[in-house]
>>> print(open('target_6.cif').read())   # mmCIF, C-alpha atoms
data_run
loop_
_atom_site.label_atom_id
_atom_site.label_comp_id
_atom_site.auth_asym_id
_atom_site.auth_seq_id
_atom_site.Cartn_x
_atom_site.Cartn_y
_atom_site.Cartn_z
CA MET A 37 11.79 39.13 -7.26
CA ASN A 38 9.48 36.55 -8.79
CA GLU A 39 6.48 38.84 -8.88
CA THR A 40 3.40 37.41 -10.47
CA PRO A 41 3.25 38.79 -14.01
CA ALA A 42 0.28 41.01 -14.91
CA TYR A 43 -1.24 38.38 -17.18
CA GLU A 44 -1.76 36.10 -14.19
CA ARG A 45 -3.86 38.58 -12.28
CA HIS A 46 -7.14 39.08 -14.11
CA PRO A 47 -9.85 39.55 -11.46
CA ARG A 48 -12.37 37.32 -13.22
CA TRP A 49 -10.15 34.29 -13.69
CA TYR A 50 -10.66 31.48 -11.27
CA ARG A 51 -7.63 29.86 -9.78
CA THR A 52 -7.90 26.55 -7.94
CA ARG A 53 -5.65 26.24 -4.93
CA VAL A 54 -3.55 23.09 -4.83
CA SER A 55 -4.39 21.17 -1.66
CA THR A 56 -1.62 20.31 0.80
CA TYR A 57 -2.75 16.72 0.39
CA TRP A 58 -2.45 16.71 -3.41
CA TRP A 59 -0.25 13.61 -3.26
CA THR A 60 -2.94 11.46 -1.63
CA GLY A 61 -5.49 11.75 -4.41
CA GLN A 62 -3.73 9.82 -7.15
CA TRP A 63 -1.75 6.56 -6.95
CA SER A 64 1.06 7.83 -9.19
CA TYR A 65 1.51 10.94 -7.03
CA PHE A 66 1.43 8.82 -3.89
CA LYS A 67 4.03 6.46 -5.33
CA PHE A 68 6.25 9.42 -6.19
CA THR A 69 5.98 10.79 -2.65
CA LEU A 70 6.71 7.35 -1.22
CA ARG A 71 9.75 7.03 -3.52
CA GLU A 72 11.10 10.35 -2.19
CA LEU A 73 10.21 9.73 1.47
CA THR A 74 11.70 6.24 1.51
CA SER A 75 15.11 7.87 1.09
CA LEU A 76 14.82 8.46 4.84
CA SER A 77 15.15 4.70 5.29
CA VAL A 78 18.52 4.84 3.60
CA ALA A 79 19.59 7.46 6.15
CA TYR A 80 18.13 5.29 8.92
CA PHE A 81 20.34 2.34 7.97
CA VAL A 82 23.39 4.61 7.75
CA ILE A 83 22.72 5.68 11.34
CA ILE A 84 22.33 2.04 12.42
CA LEU A 85 25.66 1.25 10.74
CA LEU A 86 27.37 4.17 12.51
CA LEU A 87 25.96 3.01 15.85
CA GLN A 88 27.26 -0.47 15.09
CA LEU A 89 30.73 0.91 14.37
CA ARG A 90 30.65 2.91 17.59
CA ALA A 91 29.72 -0.25 19.54
CA LEU A 92 32.52 -2.12 17.80
CA VAL A 93 35.07 0.50 18.79
CA ARG A 94 33.90 0.46 22.41
CA GLY A 95 34.68 -3.23 22.83
CA PRO A 96 33.03 -6.66 23.04
CA GLU A 97 30.66 -5.78 25.86
CA ALA A 98 29.23 -2.75 24.09
CA TYR A 99 28.92 -4.78 20.91
CA ALA A 100 27.00 -7.57 22.66
CA GLN A 101 24.71 -4.92 24.10
CA PHE A 102 24.20 -3.44 20.62
CA GLN A 103 23.33 -6.88 19.24
CA ALA A 104 20.85 -7.49 22.06
CA TRP A 105 19.25 -4.10 21.29
CA LEU A 106 18.89 -5.08 17.63
CA LYS A 107 17.07 -8.26 18.69
CA THR A 108 14.31 -6.43 20.54
CA PRO A 109 10.91 -6.77 18.80
CA LEU A 110 10.70 -3.02 18.21
CA MET A 111 14.03 -2.93 16.37
CA ILE A 112 13.16 -6.04 14.34
CA ALA A 113 9.88 -4.42 13.30
CA LEU A 114 11.60 -1.10 12.50
CA ASN A 115 14.29 -2.82 10.45
CA ALA A 116 11.72 -4.90 8.56
CA VAL A 117 9.78 -1.78 7.60
CA GLY A 118 13.04 0.02 6.83
CA LEU A 119 14.19 -2.82 4.58
CA PHE A 120 10.89 -2.79 2.69
CA PHE A 121 11.20 0.98 2.14
CA VAL A 122 14.82 0.72 1.01
CA LEU A 123 13.87 -2.00 -1.47
CA PHE A 124 11.02 0.16 -2.77
CA HIS A 125 13.36 3.13 -3.08
CA THR A 126 16.03 1.14 -4.88
CA ILE A 127 13.75 -0.63 -7.32
CA THR A 128 11.77 2.49 -8.27
CA TRP A 129 14.99 4.42 -8.94
CA PHE A 130 16.65 1.61 -10.89
CA ASN A 131 13.58 1.42 -13.07
CA LEU A 132 13.83 5.15 -13.75
CA ALA A 133 17.50 5.02 -14.77
CA PRO A 134 16.77 4.35 -18.46
CA LYS A 135 14.77 7.60 -18.65
CA ALA A 136 17.72 9.72 -17.66
CA MET A 137 20.34 7.81 -19.61
CA VAL A 138 19.98 7.53 -23.33
CA ILE A 139 22.76 5.50 -24.84
CA ARG A 140 22.95 5.10 -28.56
CA VAL A 141 24.88 2.34 -30.24
CA ARG A 142 25.23 2.66 -34.01
CA GLY A 143 22.46 5.25 -34.05
CA LYS A 144 19.98 2.99 -32.27
CA ARG A 145 18.78 3.65 -28.74
CA VAL A 146 19.82 0.92 -26.32
CA PRO A 147 16.65 -0.73 -24.92
CA ASN A 148 15.51 0.32 -21.43
CA LEU A 149 16.02 -3.17 -20.04
CA LEU A 150 19.70 -3.16 -20.97
CA ILE A 151 20.23 0.09 -19.05
CA ALA A 152 18.29 -0.99 -15.95
CA ALA A 153 19.79 -4.49 -15.88
CA PRO A 154 23.43 -3.56 -15.00
CA ASN A 155 22.12 -1.74 -11.91
CA TYR A 156 20.33 -4.88 -10.76
CA ILE A 157 23.30 -7.08 -11.59
CA ALA A 158 25.70 -4.81 -9.68
CA TRP A 159 23.25 -4.84 -6.76
CA LEU A 160 23.08 -8.65 -6.76
CA VAL A 161 26.85 -9.11 -7.08
CA ILE A 162 27.63 -6.65 -4.26
CA SER A 163 24.90 -8.17 -2.05
CA ALA A 164 26.30 -11.67 -2.72
CA ALA A 165 29.81 -10.51 -1.85
CA VAL A 166 28.61 -8.93 1.41
CA ALA A 167 26.60 -12.06 2.25
CA TRP A 168 29.67 -14.22 1.55
CA VAL A 169 31.77 -12.19 3.97
CA LEU A 170 29.06 -12.14 6.66
CA LEU A 171 28.18 -15.81 6.39
CA GLY A 172 31.75 -16.88 7.09
CA GLY A 173 33.28 -17.17 3.64
CA ARG A 174 36.51 -15.59 4.92
CA MET B 299 -34.45 4.79 -26.87
CA ALA B 300 -30.74 4.95 -27.55
CA GLU B 301 -28.29 4.46 -24.72
CA THR B 302 -27.03 7.59 -22.98
CA ILE B 303 -24.23 8.57 -20.64
CA THR B 304 -24.02 11.45 -18.17
CA LEU B 305 -21.42 14.16 -18.60
CA GLU B 306 -20.70 16.28 -15.53
CA VAL B 307 -19.27 19.41 -17.08
CA ALA B 308 -17.51 22.10 -15.06
CA ARG B 309 -19.14 25.49 -15.58
CA TYR B 310 -17.67 28.81 -14.61
CA ARG B 311 -19.49 31.94 -15.66
CA PRO B 312 -17.63 34.76 -13.91
CA GLU B 313 -20.50 37.19 -14.39
CA GLN B 314 -22.85 35.01 -12.32
CA GLU B 315 -20.75 32.78 -10.06
CA THR B 316 -17.63 33.16 -7.99
CA GLN B 317 -16.41 29.59 -8.37
CA PRO B 318 -16.89 26.69 -10.78
CA THR B 319 -19.91 24.41 -10.46
CA PHE B 320 -20.87 21.22 -12.26
CA GLU B 321 -23.76 20.79 -14.66
CA SER B 322 -24.96 17.36 -15.77
CA PHE B 323 -25.93 16.56 -19.34
CA GLU B 324 -27.29 13.33 -20.75
CA VAL B 325 -25.67 12.65 -24.10
CA PRO B 326 -26.13 9.77 -26.56
CA LEU B 327 -23.59 7.02 -25.93
CA ARG B 328 -22.35 6.29 -29.41
CA LYS B 329 -19.53 3.87 -30.03
CA ASP B 330 -17.65 6.29 -32.25
CA TRP B 331 -18.13 9.38 -30.08
CA VAL B 332 -15.32 10.97 -28.16
CA VAL B 333 -15.77 13.41 -25.25
CA LEU B 334 -15.36 16.32 -27.67
CA ASP B 335 -18.28 15.01 -29.78
CA ALA B 336 -20.40 14.96 -26.64
CA LEU B 337 -19.41 18.56 -25.82
CA ASN B 338 -20.23 19.63 -29.37
CA HIS B 339 -23.58 17.85 -29.03
CA ILE B 340 -24.30 19.82 -25.85
CA LYS B 341 -23.28 23.11 -27.44
CA ASP B 342 -25.30 22.50 -30.61
CA ARG B 343 -28.44 20.98 -29.10
CA VAL B 344 -28.66 21.74 -25.38
CA ASP B 345 -26.76 24.81 -24.20
CA GLY B 346 -25.01 27.06 -26.68
CA SER B 347 -23.31 29.00 -23.92
CA LEU B 348 -20.91 26.16 -23.03
CA SER B 349 -17.38 27.37 -23.73
CA TYR B 350 -14.37 25.22 -24.62
CA ARG B 351 -11.54 25.15 -27.15
CA TRP B 352 -11.21 22.73 -29.99
CA SER B 353 -10.16 22.67 -33.60
CA CYS B 354 -8.83 19.71 -35.53
CA ARG B 355 -10.62 16.72 -33.89
CA MET B 356 -7.67 14.49 -34.72
CA GLY B 357 -5.00 14.92 -32.08
CA VAL B 358 -2.87 17.37 -34.02
CA CYS B 359 -3.81 20.91 -32.94
CA GLY B 360 -3.57 20.39 -29.18
CA SER B 361 -6.52 22.68 -28.38
CA CYS B 362 -9.01 20.34 -26.72
CA GLY B 363 -7.04 19.26 -23.66
CA MET B 364 -9.25 18.92 -20.56
CA MET B 365 -9.42 16.89 -17.39
CA VAL B 366 -11.54 13.79 -17.99
CA ASN B 367 -12.35 11.99 -14.75
CA GLY B 368 -9.37 13.72 -13.18
CA GLU B 369 -6.85 12.85 -15.89
CA PRO B 370 -5.49 15.26 -18.49
CA LYS B 371 -6.73 14.08 -21.90
CA LEU B 372 -7.17 15.29 -25.44
CA THR B 373 -10.96 15.12 -25.56
CA CYS B 374 -10.86 14.38 -29.29
CA ALA B 375 -9.06 11.11 -28.57
CA THR B 376 -10.98 10.03 -25.47
CA PHE B 377 -13.90 7.74 -26.24
CA LEU B 378 -17.11 7.88 -24.24
CA SER B 379 -17.36 4.09 -24.35
CA HIS B 380 -14.17 3.88 -22.30
CA TYR B 381 -16.03 5.38 -19.33
CA THR B 382 -19.27 3.39 -19.28
CA PRO B 383 -21.51 3.40 -17.34
CA GLY B 384 -20.40 6.93 -16.42
CA PRO B 385 -20.74 9.59 -15.30
CA ILE B 386 -17.84 11.33 -17.01
CA ARG B 387 -16.50 14.40 -15.28
CA VAL B 388 -15.09 17.02 -17.63
CA GLU B 389 -13.08 19.88 -16.14
CA PRO B 390 -10.71 22.52 -17.48
CA LEU B 391 -7.00 21.68 -17.50
CA ARG B 392 -5.70 21.60 -13.96
CA TYR B 393 -3.28 24.23 -12.54
CA PHE B 394 -4.20 26.93 -15.07
CA PRO B 395 -6.45 29.91 -14.32
CA ILE B 396 -9.99 29.30 -15.63
CA VAL B 397 -11.34 31.99 -17.92
CA ARG B 398 -14.76 30.47 -18.53
CA ASP B 399 -16.26 26.96 -18.32
CA LEU B 400 -13.59 24.70 -19.84
CA VAL B 401 -11.39 27.47 -21.21
CA ILE B 402 -8.10 28.07 -19.44
CA GLU B 403 -5.64 30.95 -19.65
CA MET B 404 -2.43 29.83 -21.34
CA THR B 405 -0.33 32.99 -21.56
CA ASP B 406 1.96 31.66 -18.83
CA PHE B 407 2.83 28.64 -20.99
CA MET B 408 3.30 30.78 -24.10
CA VAL B 409 5.72 33.11 -22.31
CA LYS B 410 7.70 30.15 -20.95
CA LEU B 411 7.75 28.42 -24.30
CA LYS B 412 9.14 31.52 -25.99
CA SER B 413 11.77 31.98 -23.28
CA VAL B 414 13.56 28.74 -24.26
CA LYS B 415 13.92 29.89 -27.89
CA PRO B 416 12.21 26.94 -29.55
CA TRP B 417 13.60 27.60 -32.99
CA ILE B 418 16.87 26.96 -34.78
CA VAL B 419 19.47 29.45 -33.55
CA ARG B 420 22.50 29.99 -35.78
CA GLU B 421 25.65 31.86 -34.86
CA ASP B 422 26.83 31.81 -38.44
CA GLU B 423 24.32 31.86 -41.26
CA LYS B 424 25.73 30.33 -44.41
CA PRO B 425 24.86 32.03 -47.72
CA LEU B 426 21.80 30.75 -49.58
CA SER B 427 24.00 29.69 -52.49
CA GLU B 428 25.46 26.95 -50.31
CA GLY B 429 22.08 25.32 -49.98
CA GLU B 430 20.25 23.73 -47.06
CA TYR B 431 21.66 22.57 -43.76
CA LEU B 432 21.72 18.85 -44.40
CA GLN B 433 20.92 16.28 -41.77
CA THR B 434 21.34 12.51 -41.70
CA PRO B 435 18.49 10.20 -40.65
CA SER B 436 20.27 9.43 -37.37
CA GLU B 437 20.71 13.15 -36.65
CA LEU B 438 16.98 13.53 -37.21
CA ASP B 439 16.30 10.56 -34.94
CA ALA B 440 18.17 12.25 -32.09
CA TYR B 441 15.43 14.89 -31.60
CA LYS B 442 12.45 13.60 -33.58
CA GLN B 443 10.59 12.27 -30.55
CA PHE B 444 10.69 15.70 -28.85
CA SER B 445 9.53 17.42 -32.03
CA MET B 446 6.19 15.61 -31.81
CA CYS B 447 4.96 18.02 -29.09
CA ILE B 448 1.72 19.76 -30.06
CA ASN B 449 1.70 22.27 -27.15
CA CYS B 450 -1.48 20.79 -25.70
CA MET B 451 -0.34 21.46 -22.13
CA LEU B 452 -1.58 18.12 -20.81
CA CYS B 453 1.88 17.66 -19.26
CA TYR B 454 1.47 20.89 -17.27
CA ALA B 455 -1.89 19.67 -15.97
CA ALA B 456 -0.21 16.41 -14.94
CA CYS B 457 2.72 18.10 -13.18
CA PRO B 458 2.28 18.76 -9.44
CA VAL B 459 5.49 20.79 -9.44
CA TYR B 460 3.89 23.26 -11.86
CA GLY B 461 0.74 23.23 -9.72
CA LEU B 462 2.69 24.13 -6.61
CA ASP B 463 5.18 26.53 -8.19
CA GLN B 464 3.91 28.53 -11.12
CA HIS B 465 7.41 29.74 -11.87
CA PHE B 466 8.52 26.25 -12.91
CA ILE B 467 9.18 26.43 -16.63
CA GLY B 468 7.43 23.10 -17.13
CA PRO B 469 7.69 19.85 -19.09
CA ALA B 470 6.75 20.85 -22.65
CA ALA B 471 8.95 23.96 -22.74
CA ILE B 472 11.97 21.94 -21.58
CA ALA B 473 11.24 19.08 -23.99
CA LEU B 474 11.01 21.60 -26.84
CA ALA B 475 14.24 23.25 -25.76
CA GLN B 476 15.82 19.78 -25.93
CA ARG B 477 14.28 19.29 -29.37
CA TYR B 478 16.36 22.23 -30.64
CA ASN B 479 19.41 21.52 -28.47
CA MET B 480 19.70 18.09 -30.05
CA ASP B 481 19.16 19.34 -33.58
CA SER B 482 22.46 19.12 -35.48
CA ARG B 483 21.65 22.41 -37.28
CA ASP B 484 21.17 24.38 -34.07
CA GLN B 485 23.83 26.46 -32.29
CA GLY B 486 21.73 27.93 -29.49
CA SER B 487 22.19 25.41 -26.71
CA GLN B 488 24.33 27.81 -24.64
CA LEU B 489 21.62 30.48 -24.81
CA ARG B 490 19.01 27.96 -23.71
CA MET B 491 21.18 26.68 -20.90
CA ASP B 492 21.01 30.09 -19.19
CA ILE B 493 17.22 29.68 -18.92
CA LEU B 494 17.06 25.93 -18.36
CA SER B 495 19.73 25.58 -15.71
CA GLN B 496 18.00 27.99 -13.33
CA HIS B 497 16.14 26.64 -10.34
CA GLU B 498 12.81 27.24 -12.11
CA GLY B 499 14.20 25.33 -15.09
CA ILE B 500 15.22 21.71 -14.96
CA TRP B 501 16.14 21.73 -11.26
CA GLY B 502 12.56 22.43 -10.26
CA CYS B 503 11.61 19.01 -11.63
CA THR B 504 11.45 16.29 -9.00
CA PHE B 505 10.83 13.54 -11.57
CA VAL B 506 7.25 12.65 -10.76
CA GLY B 507 7.10 11.40 -14.34
CA GLU B 508 3.40 12.06 -14.86
CA CYS B 509 4.08 14.44 -17.77
CA THR B 510 5.30 11.49 -19.81
CA GLU B 511 2.26 9.41 -18.82
CA ALA B 512 -0.08 12.22 -19.86
CA CYS B 513 1.60 13.03 -23.19
CA PRO B 514 -0.65 11.99 -26.08
CA LYS B 515 2.27 12.12 -28.51
CA GLY B 516 4.88 9.97 -26.75
CA VAL B 517 7.25 12.92 -26.33
CA ASP B 518 8.55 11.86 -22.89
CA PRO B 519 9.22 15.28 -21.35
CA ALA B 520 10.33 13.65 -18.07
CA GLY B 521 13.08 11.87 -20.00
CA ALA B 522 14.07 15.11 -21.72
CA ILE B 523 14.40 16.89 -18.38
CA GLN B 524 16.47 14.16 -16.71
CA GLN B 525 18.74 13.91 -19.75
CA TYR B 526 19.20 17.66 -19.67
CA LYS B 527 20.06 17.53 -15.95
CA LEU B 528 22.92 15.23 -16.92
CA THR B 529 24.03 17.59 -19.71
CA ALA B 530 23.87 20.65 -17.43
CA THR B 531 25.86 18.88 -14.71
CA LYS B 532 28.55 17.83 -17.19
CA GLU B 533 28.75 21.40 -18.53
CA TRP B 534 29.05 22.78 -15.01
CA PHE B 535 31.92 20.41 -14.23
CA LYS B 536 33.69 21.23 -17.47
CA ASN B 537 33.41 24.96 -16.77
CA PHE B 538 34.53 24.41 -13.20
CA LEU B 539 37.62 22.46 -14.25
CA MET B 540 38.37 24.65 -17.26
CA PRO B 541 37.20 28.18 -16.38
CA TRP B 542 38.58 29.59 -19.63
CA ARG B 543 35.90 27.62 -21.56
CA SER B 544 33.04 29.80 -20.38
CA GLU B 545 34.63 33.07 -21.40
#
>>> encode(input="target_6.cif", output="structure tokens")
Amino acid sequence: MNETPAYERHPRWYRTRVSTYWWTGQWSYFKFTLRELTSLSVAYFVIILLLQLRALVRGPEAYAQFQAWLKTPLMIALNAVGLFFVLFHTITWFNLAPKAMVIRVRGKRVPNLLIAAPNYIAWLVISAAVAWVLLGGR
Amino acid sequence: MAETITLEVARYRPEQETQPTFESFEVPLRKDWVVLDALNHIKDRVDGSLSYRWSCRMGVCGSCGMMVNGEPKLTCATFLSHYTPGPIRVEPLRYFPIVRDLVIEMTDFMVKLKSVKPWIVREDEKPLSEGEYLQTPSELDAYKQFSMCINCMLCYAACPVYGLDQHFIGPAAIALAQRYNMDSRDQGSQLRMDILSQHEGIWGCTFVGECTEACPKGVDPAGAIQQYKLTATKEWFKNFLMPWRSE
């Protein structure tokens, strides 16, 4: 399977090995790697949410303990970094959406901005709704 | 004395060295000179043994792609004055085997290109008497952007996925497959899907997006690949829900 074809094996050709650190040499490669790695932050917040639910199920004492844990400097720092990464992840992907989706209206391609914008609007509306619930809208 | 700029040119002469080295050349810094002019100056006046490919000098043939200061560029469209005060580092296109100096081996690309059948495939040929296959301007618009590809391979040199996995079919081949898939006269999209929907096809792409940045013709291969991922996923779902379709 997947054997290197004969034309790739001439003894006199020189082949440069790609370094393990290829992604550090160029800003665009680094940004790509960051975009992919920051998905871990999304997973991180899912775990925090699950822990929160577990604390909620276990009763008021456990929940107070969970809240106290969140207020420790380490957790505040971790969450701040996590939030920054999640924002980076979200914004870079939203900006890429128009590349993958080509919508044509009356034969004309819909401008990139109009495809990216609904993502941002949905994000804002959902965030506002969550904030309303959390901040005592009830 | 006229102003000059230094070109650090990668040399690889397999009969005398086991790996590439750099050789510096002072060339006149003329406002209207591109990197290719400087290479031609070196070959004509300084060292006739310097090897590189070029042909049209006007961004059409796609032969003179090289790495200029680490970026894939058509050297016929890359002005020396853009890189003052220099030096300018000229290397062969990244990720391809080097045959000699700035000449790379491109058979891999050619084989991949051919594998996606970049031509109009017809299941039913209509008789000549019925005339041409007509196309409206908007049908032309659907694929025109992808048809601008000149096979210069700059997108391969920009793609780390291709660098890390030589089996990846690569940006230009997929963009050209899309060019024919989206052509209203073509009926070969199912044949191409067998090649493109493999792991080494579109799914190898992690959307770094540098192919589109490197493209001198505005083809947007990254866009073509992501759009095709959407098409392939939709096809898969349709075949999953309606198995009789694929028979």
>>> atom_distance(input="target_6.cif", atom1="CA of Leu452 (chain B)", atom2="CA of Thr531 (chain B)")
28.1 Å
>>> interface_residues(input="target_6.cif", of="chain A", to="chain B", cutoff="10 Å", atoms="all atoms listed in the file", output="MDAnalysis selection string")
chainID A and resid 38:41 43:56 58:59 61:62 64:69 71:72 132:138 140 142:145
>>> closest_residue(input="target_6.cif", among="B:Met540, B:Ala512, B:Leu305, B:Leu426", to="Leu337 (chain B)", atoms="all atoms listed in the file")
B:Leu305
>>> resolve_selection(input="target_6.cif", expression="the PyMOL selection byres ((chain B and resi 371) around 10)", output="list in words")
Val333, Cys362, Gly363, Met364, Met365, Val366, Asn367, Gly368, Glu369, Pro370, Leu372, Thr373, Cys374, Ala375, Thr376, Val388, Leu391, Cys450, Met451, Leu452, Cys453, Ala455, Ala456, Ala512, Cys513 and Pro514 of chain B
>>> write_last_selection(input="target_6.cif", atoms="C-alpha atoms", output="JSON list (two decimals), in the frame of the given file")
[["chain", "number", "residue", "atom", "x", "y", "z"],
["B", 333, "VAL", "CA", -15.77, 13.41, -25.25],
["B", 362, "CYS", "CA", -9.01, 20.34, -26.72],
["B", 363, "GLY", "CA", -7.04, 19.26, -23.66],
["B", 364, "MET", "CA", -9.25, 18.92, -20.56],
["B", 365, "MET", "CA", -9.42, 16.89, -17.39],
["B", 366, "VAL", "CA", -11.54, 13.79, -17.99],
["B", 367, "ASN", "CA", -12.35, 11.99, -14.75],
["B", 368, "GLY", "CA", -9.37, 13.72, -13.18],
["B", 369, "GLU", "CA", -6.85, 12.85, -15.89],
["B", 370, "PRO", "CA", -5.49, 15.26, -18.49],
["B", 372, "LEU", "CA", -7.17, 15.29, -25.44],
["B", 373, "THR", "CA", -10.96, 15.12, -25.56],
["B", 374, "CYS", "CA", -10.86, 14.38, -29.29],
["B", 375, "ALA", "CA", -9.06, 11.11, -28.57],
["B", 376, "THR", "CA", -10.98, 10.03, -25.47],
["B", 388, "VAL", "CA", -15.09, 17.02, -17.63],
["B", 391, "LEU", "CA", -7.00, 21.68, -17.50],
["B", 450, "CYS", "CA", -1.48, 20.79, -25.70],
["B", 451, "MET", "CA", -0.34, 21.46, -22.13],
["B", 452, "LEU", "CA", -1.58, 18.12, -20.81],
["B", 453, "CYS", "CA", 1.88, 17.66, -19.26],
["B", 455, "ALA", "CA", -1.89, 19.67, -15.97],
["B", 456, "ALA", "CA", -0.21, 16.41, -14.94],
["B", 512, "ALA", "CA", -0.08, 12.22, -19.86],
["B", 513, "CYS", "CA", 1.60, 13.03, -23.19],
["B", 514, "PRO", "CA", -0.65, 11.99, -26.08]]
>>> resolve_selection(input="target_6.cif", expression="the PyMOL selection byres ((chain B and resi 441-448) around 6)", output="list in words")
Gly360, Leu438, Asp439, Ala440, Asn449, Cys450, Ala473, Arg477, Met480 and Val517 of chain B
>>> write_last_selection(input="target_6.cif", atoms="C-alpha atoms", output="CSV table (one decimal), in the frame of the given file")
chain,number,residue,atom,x,y,z
B,360,GLY,CA,-3.6,20.4,-29.2
B,438,LEU,CA,17.0,13.5,-37.2
B,439,ASP,CA,16.3,10.6,-34.9
B,440,ALA,CA,18.2,12.2,-32.1
B,449,ASN,CA,1.7,22.3,-27.2
B,450,CYS,CA,-1.5,20.8,-25.7
B,473,ALA,CA,11.2,19.1,-24.0
B,477,ARG,CA,14.3,19.3,-29.4
B,480,MET,CA,19.7,18.1,-30.0
B,517,VAL,CA,7.2,12.9,-26.3
>>> residues_around(input="target_6.cif", residues="Val122 (chain A)", least_positions_apart="6", cutoff="7 Å", atoms="all atoms listed in the file", output="CSV table (one decimal) with C-alpha atoms, in the frame of the given file")
chain,number,residue,atom,x,y,z
A,74,THR,CA,11.7,6.2,1.5
A,77,SER,CA,15.2,4.7,5.3
A,78,VAL,CA,18.5,4.8,3.6
